[in-house]
Each structure stands twice: as structure tokens, then as C-alpha cells.
$ cat structure.txt   # compact mmCIF, C-alpha atoms and all ligand atoms
# COMPACT_ATOMS: atom_id res chain seq x y z
CA ARG A 1 114.95 71.09 107.60
CA LYS A 2 115.43 71.01 103.89
CA ILE A 3 117.20 68.77 101.37
CA LEU A 4 117.93 69.95 97.86
CA LEU A 5 117.85 66.82 95.69
CA ILE A 6 119.76 67.72 92.53
CA ASN A 7 120.18 65.57 89.46
CA GLY A 8 122.29 66.52 86.47
CA PRO A 9 122.10 65.83 82.74
CA ASN A 10 120.43 62.76 81.25
CA LEU A 11 119.09 61.64 84.61
CA ASN A 12 115.61 62.67 83.43
CA LEU A 13 115.88 59.50 81.32
CA LEU A 14 116.58 57.29 84.32
CA GLY A 15 114.75 53.97 83.96
CA THR A 16 115.12 53.88 80.19
CA ARG A 17 118.69 55.16 79.87
CA GLU A 18 121.28 52.31 79.71
CA PRO A 19 119.24 50.20 82.18
CA HIS A 20 122.05 47.62 82.43
CA ILE A 21 124.10 50.38 84.12
CA TYR A 22 121.52 52.60 85.80
CA GLY A 23 118.63 50.17 86.45
CA SER A 24 114.93 50.48 85.73
CA THR A 25 113.81 52.88 88.48
CA THR A 26 112.71 56.21 87.03
CA LEU A 27 113.71 59.64 88.33
CA LEU A 28 110.07 60.30 89.21
CA GLN A 29 110.09 57.20 91.43
CA VAL A 30 113.34 58.32 93.10
CA VAL A 31 111.89 61.78 93.72
CA GLU A 32 108.56 60.42 95.04
CA GLN A 33 110.29 57.97 97.38
CA THR A 34 112.63 60.65 98.70
CA ILE A 35 109.84 63.18 99.26
CA HIS A 36 107.72 60.54 101.00
CA ARG A 37 110.51 59.38 103.32
CA GLY A 38 111.50 63.00 103.88
CA LYS A 39 107.98 63.74 105.15
CA GLU A 40 108.24 60.87 107.64
CA LEU A 41 111.53 62.32 108.85
CA GLY A 42 110.26 65.90 109.05
CA ILE A 43 112.41 67.00 106.10
CA THR A 44 111.23 68.98 103.09
CA VAL A 45 112.77 67.53 99.94
CA VAL A 46 113.08 69.98 97.03
CA PRO A 47 113.81 68.08 93.81
CA PHE A 48 115.54 69.60 90.81
CA GLN A 49 116.84 68.10 87.57
CA SER A 50 118.47 69.92 84.70
CA ASN A 51 120.50 69.17 81.63
CA HIS A 52 122.05 72.65 81.90
CA GLU A 53 125.00 73.56 84.08
CA GLY A 54 123.97 77.18 84.71
CA ALA A 55 120.46 76.13 85.70
CA ILE A 56 121.92 73.99 88.49
CA VAL A 57 124.06 76.95 89.63
CA ASP A 58 120.96 79.20 89.61
CA PHE A 59 118.94 76.64 91.57
CA LEU A 60 121.60 76.53 94.30
CA HIS A 61 121.72 80.34 94.44
CA SER A 62 117.95 80.54 94.70
CA HIS A 63 118.06 78.60 98.00
CA PHE A 64 120.97 80.55 99.45
CA VAL A 65 120.09 82.86 102.33
CA PRO A 66 123.18 84.97 103.04
CA VAL A 67 123.74 85.86 106.68
CA PRO A 68 124.44 89.63 106.74
CA ALA A 69 128.03 90.46 107.57
CA PRO A 70 128.52 92.84 110.51
CA VAL A 71 128.51 96.42 109.22
CA PRO A 72 131.35 98.62 110.47
CA VAL A 73 130.13 101.50 112.65
CA PRO A 74 131.65 104.99 112.28
CA ALA A 75 134.75 105.66 114.34
CA THR A 76 134.10 107.34 117.69
CA SER A 77 136.44 109.74 119.43
CA ALA A 78 137.62 106.86 121.61
CA MET A 79 138.91 105.02 118.57
CA SER A 80 142.06 105.60 116.63
CA ALA A 81 141.80 107.69 113.46
CA SER A 82 143.68 105.02 111.51
CA THR A 83 141.32 103.24 109.09
CA THR A 84 142.80 99.80 109.61
CA THR A 85 142.57 100.05 113.38
CA THR A 86 138.99 101.32 113.12
CA ALA A 87 137.89 98.43 110.91
CA LYS A 88 139.48 95.91 113.25
CA THR A 89 138.00 97.47 116.37
CA THR A 90 134.48 97.80 114.99
CA THR A 91 134.09 94.38 113.37
CA SER A 92 135.22 92.63 116.54
CA ASP A 93 133.00 94.78 118.78
CA PRO A 94 130.60 92.21 120.31
CA ALA A 95 127.75 94.71 120.52
CA THR A 96 127.94 95.43 116.79
CA THR A 97 128.29 91.80 115.84
CA ALA A 98 125.34 90.81 118.02
CA ARG A 99 123.10 93.36 116.31
CA PHE A 100 123.53 91.65 112.97
CA LYS A 101 123.08 88.07 114.11
CA PRO A 102 119.71 86.86 112.75
CA GLU A 103 117.02 86.16 115.33
CA PRO A 104 116.55 82.39 115.82
CA ALA A 105 113.05 82.64 114.35
CA LEU A 106 114.48 84.24 111.19
CA SER A 107 117.36 81.79 110.77
CA PRO A 108 117.35 79.98 107.44
CA PRO A 109 116.25 76.32 107.57
CA LYS A 110 118.96 73.72 107.96
CA THR A 111 119.75 72.90 104.37
CA ALA A 112 121.83 70.12 102.87
CA VAL A 113 122.27 68.85 99.34
CA ILE A 114 122.11 65.42 97.77
CA ILE A 115 123.57 65.77 94.29
CA ASN A 116 124.21 63.48 91.39
CA PRO A 117 126.00 65.87 89.03
CA ALA A 118 126.03 63.09 86.35
CA ALA A 119 128.40 64.00 83.50
CA TYR A 120 129.11 67.39 85.16
CA THR A 121 130.86 65.41 87.90
CA HIS A 122 133.84 65.15 85.61
CA THR A 123 133.78 68.67 84.14
CA SER A 124 132.05 71.32 86.22
CA VAL A 125 134.06 73.87 88.14
CA ALA A 126 130.94 76.11 88.06
CA ILE A 127 128.72 73.72 90.04
CA ARG A 128 131.56 72.94 92.44
CA ASP A 129 132.03 76.68 93.03
CA ALA A 130 128.28 77.19 93.53
CA LEU A 131 128.26 74.52 96.25
CA LEU A 132 131.23 76.17 97.93
CA ALA A 133 129.76 79.68 97.53
CA THR A 134 126.48 78.66 99.15
CA SER A 135 128.33 76.46 101.67
CA PHE A 136 125.59 73.86 101.64
CA PRO A 137 127.04 70.60 102.94
CA PHE A 138 126.52 67.96 100.29
CA ILE A 139 126.60 64.25 99.58
CA GLU A 140 127.64 63.20 96.07
CA VAL A 141 125.69 60.23 94.73
CA HIS A 142 126.44 58.06 91.72
CA ILE A 143 124.10 55.27 90.77
CA SER A 144 126.84 53.26 89.07
CA ASN A 145 130.25 52.44 90.49
CA VAL A 146 132.15 55.08 88.54
CA HIS A 147 135.46 53.57 89.69
CA ALA A 148 134.72 50.35 87.83
CA ARG A 149 134.11 52.27 84.60
CA GLU A 150 136.18 54.39 82.18
CA ALA A 151 139.24 56.04 83.75
CA TRP A 152 137.91 59.56 83.06
CA ARG A 153 134.90 58.82 85.28
CA HIS A 154 137.23 58.26 88.25
CA HIS A 155 137.89 61.96 88.70
CA SER A 156 135.25 64.14 90.34
CA TYR A 157 135.28 67.91 90.82
CA PHE A 158 133.12 67.36 93.93
CA SER A 159 134.44 64.47 96.01
CA ASP A 160 137.15 66.35 97.92
CA LYS A 161 134.53 68.78 99.25
CA ALA A 162 131.70 66.29 99.81
CA VAL A 163 130.66 65.14 103.29
CA ALA A 164 130.36 61.69 101.71
CA VAL A 165 130.39 60.03 98.32
CA ILE A 166 128.04 57.14 97.54
CA VAL A 167 128.77 55.12 94.41
CA GLY A 168 127.41 51.91 92.99
CA LEU A 169 124.40 51.39 95.27
CA GLY A 170 121.96 52.07 92.45
CA THR A 171 119.13 54.47 93.23
CA PHE A 172 119.22 53.31 96.87
CA GLY A 173 122.17 55.71 97.17
CA TYR A 174 119.74 58.68 97.30
CA GLN A 175 117.78 57.07 100.14
CA ALA A 176 120.98 56.27 102.03
CA ALA A 177 122.03 59.92 101.75
CA LEU A 178 118.64 61.11 103.03
CA GLU A 179 118.79 58.78 106.05
CA PHE A 180 122.29 60.08 106.80
CA TRP A 181 121.19 63.74 106.85
CA ALA A 182 118.16 62.89 109.00
CA GLN A 183 120.28 61.07 111.56
CA LYS A 184 122.98 63.75 111.59
CA TRP A 185 120.41 66.51 112.25
CA GLU A 186 118.71 64.43 114.96
CA GLU A 187 122.07 64.07 116.70
CA GLU A 188 122.95 67.75 116.28
CA ASP A 189 119.61 68.91 117.72
CA ALA A 190 119.43 66.32 120.52
C1 LIG B 1 126.57 58.96 87.01
C2 LIG B 1 127.97 58.58 86.52
C3 LIG B 1 128.49 59.62 85.53
O1 LIG B 1 129.79 59.27 85.10
C4 LIG B 1 127.58 59.68 84.33
O2 LIG B 1 128.02 60.69 83.43
C5 LIG B 1 126.15 59.87 84.70
C6 LIG B 1 125.61 59.18 85.87
C7 LIG B 1 125.98 57.87 87.94
O3 LIG B 1 125.00 58.17 88.61
O4 LIG B 1 126.46 56.74 87.96
O5 LIG B 1 125.41 60.53 83.99
O6 LIG B 1 126.67 60.15 87.78
$ encode --input "structure.txt" --output "C-alpha cells" --more "lines below"
Ligand code: DQA
Amino acid sequence: RKILLINGPNLNLLGTREPHIYGSTTLLQVVEQTIHRGKELGITVVPFQSNHEGAIVDFLHSHFVPVPAPVPVPATSAMSASTTTTAKTTTSDPATTARFKPEPALSPPKTAVIINPAAYTHTSVAIRDALLATSFPFIEVHISNVHAREAWRHHSYFSDKAVAVIVGLGTFGYQAALEFWAQKWEEEDA
């Protein structure tokens, strides 16, 4: 079980950056707490912070383990010569599909994301697309209550695809998200 803990631009300055809005806890403290609690819960927390949009996209890609798509087998004499019919028949052939299912031992770890995209929340189609491309389920966290701030902070490129959105709980929001994933996975595997 793995959590990617992603923080966007300026969050490296957490603790000293506008403390009246973001509080005095540092990003290092957030990361240490999350890793520590993750260990207790049997979850590996992989932290990442960047001030660069593409670096966050690359980080998501680097944890993506694509499941191979079933490969069409050549048409046999029993099958129609028509290409469309052949493709349909072969991809839905249970024997073929089964061959390309990964063995349980080789399955990628259960992976979820806790992300505070920071200013990219309001601008980044690229990070949104990377989350959708990797299909990691994610929780969006904001330390401040963005809805009580400037109108342009009310729109997020992430919220409609997030499993949950946590705003305004301060840095406790990250811990709340971690507890949620732990509980969800416990229930799924029970
Ligand atoms: C933030 C809110 C964003 O609007 C802002 O740009 C940030 C931090 C938050 O955690 O409250 O950098 O994501």
C-alpha cells in the first residue's frame, strides 16, 4: 500500500509563508508525521514537493505501472476474415484476456494520492490530466479554506475528479486524508 503525498508550489515554505493563513507547521513536519503514521498503518508514504508543474506530472508518471492491454491474436480459420470481427472476437476471448492479466504477486501496490496542488489548483490542466491518465484515486487537500478567500481560488481543476476535498483544516487535512485511505483499504481487503 502506497500513498503519494504531493505538494505544489510555495509549500516548501510552509511554516514561514503567510503563517496567519497557513500556520506554523513546516512541510518537513507534515511529511515526517505522515510517514510515521503511515508506517503504523502499514502504508508507505512517498513525499514529493515541487514548484514546477511538469515535475509533478513526471512524478505521477514515474509511479504509474500500466497493466498490459490484451494483445489481439492472429485470426484462425474458424474466425471471419473481416478485420473488425477478428478484433472483436480476439479481444473478448477469455483465454487471451486471462493470459495478460498480471499474476497477483506481480500486481502493482495499491496506490492513492494526497495532493495539495497549491496555486496549480486554479490553473493546471496538465496535472489534472496526469492524475486521470494514471487513474490514481486522489484526495485534494487545501490548508486554508479557499472558499473564504478570493473568488478565483474557489475554482479547482481537480475537485470534480477527487474522491474527496479537504479545505480549511490546516495541516491536519493531510492526516485526515491518510486515515481515510487506510480505513478504505482495510474495508476493501476485509
Ligand atoms: C492552498 C490554497 C491555494 O489557493 C494557494 O495558491 C496555495 C495553498 C492551500 O493549501 O490552502 O498555495 O492550496
$ closest_atom_pairs --input "structure.txt" --of "chain A" --to "ligand LIG 1 (chain B)" --cutoff "10 Å" --atoms "only C-alpha atoms and all ligand atoms" --output "Markdown table"
| residue | atom | partner | partner_atom | distance |
| --- | --- | --- | --- | --- |
| A:Asn7 | CA | B:LIG1 | O6 | 8.6 |
| A:Gly8 | CA | B:LIG1 | O5 | 7.2 |
| A:Pro9 | CA | B:LIG1 | O5 | 6.4 |
| A:Asn10 | CA | B:LIG1 | O5 | 6.1 |
| A:Leu11 | CA | B:LIG1 | O5 | 6.4 |
| A:Leu13 | CA | B:LIG1 | O5 | 10.0 |
| A:Leu14 | CA | B:LIG1 | C6 | 9.4 |
| A:Arg17 | CA | B:LIG1 | O5 | 9.5 |
| A:Ile21 | CA | B:LIG1 | O4 | 7.8 |
| A:Tyr22 | CA | B:LIG1 | O4 | 6.8 |
| A:Ile115 | CA | B:LIG1 | O6 | 9.1 |
| A:Asn116 | CA | B:LIG1 | O6 | 5.5 |
| A:Pro117 | CA | B:LIG1 | O6 | 5.9 |
| A:Ala118 | CA | B:LIG1 | O6 | 3.3 |
| A:Ala119 | CA | B:LIG1 | O2 | 3.3 |
| A:Tyr120 | CA | B:LIG1 | O2 | 7.0 |
| A:Thr121 | CA | B:LIG1 | C3 | 6.7 |
| A:His122 | CA | B:LIG1 | O1 | 7.2 |
| A:Thr123 | CA | B:LIG1 | O2 | 9.9 |
| A:Glu140 | CA | B:LIG1 | O6 | 8.9 |
| A:Val141 | CA | B:LIG1 | O3 | 6.5 |
| A:His142 | CA | B:LIG1 | O3 | 3.4 |
| A:Ile143 | CA | B:LIG1 | O3 | 3.7 |
| A:Ser144 | CA | B:LIG1 | O4 | 3.7 |
| A:Asn145 | CA | B:LIG1 | O4 | 6.3 |
| A:Val146 | CA | B:LIG1 | C2 | 5.8 |
| A:His147 | CA | B:LIG1 | O1 | 9.3 |
| A:Arg149 | CA | B:LIG1 | O1 | 8.2 |
| A:Glu150 | CA | B:LIG1 | O1 | 8.6 |
| A:Trp152 | CA | B:LIG1 | O1 | 8.4 |
| A:Arg153 | CA | B:LIG1 | O1 | 5.1 |
| A:His154 | CA | B:LIG1 | O1 | 8.1 |
| A:His155 | CA | B:LIG1 | O1 | 9.3 |
| A:Ser156 | CA | B:LIG1 | O1 | 9.0 |
| A:Ile166 | CA | B:LIG1 | O3 | 9.5 |
| A:Val167 | CA | B:LIG1 | O4 | 7.0 |
| A:Gly168 | CA | B:LIG1 | O4 | 7.0 |
| A:Leu169 | CA | B:LIG1 | O4 | 9.3 |
| A:Gly170 | CA | B:LIG1 | O3 | 7.8 |
| A:Thr171 | CA | B:LIG1 | O3 | 8.3 |
| A:Gly173 | CA | B:LIG1 | O3 | 9.3 |
$ closest_residue --input "structure.txt" --among "A:Phe172, A:Thr26, A:Val31, A:Pro108" --to "Val67 (chain A)" --atoms "only C-alpha atoms"
A:Pro108
$ closest_residue --input "structure.txt" --among "A:Ala190, A:Leu132, A:Val71, A:Ile114" --to "Tyr174 (chain A)" --atoms "all atoms listed in the file"
A:Ile114
$ closest_residue --input "structure.txt" --among "A:Pro47, A:Gly42, A:Gly54, A:Gly15" --to "Ala126 (chain A)" --atoms "all atoms listed in the file"
A:Gly54
$ closest_residue --input "structure.txt" --among "A:Trp185, A:Val73, A:Lys110, A:Ala176" --to "Val30 (chain A)" --atoms "only C-alpha atoms"
A:Ala176
$ axis_aligned_box --input "structure.txt" --around "region 39-44 of chain A" --padding-each-side "8 Å" --output "lines of an AutoDock Vina configuration file"
center_x = 110.2
center_y = 64.9
center_z = 106.1
size_x = 20.4
size_y = 24.1
size_z = 22.0
$ closest_residue --input "structure.txt" --among "A:Ser24, A:Asn12, A:Gln33, A:Thr134" --to "Asp58 (chain A)" --atoms "only C-alpha atoms"
A:Thr134
$ atom_distance --input "structure.txt" --atom1 "CA of Phe136 (chain A)" --atom2 "CA of Leu4 (chain A)"
9.4 Å
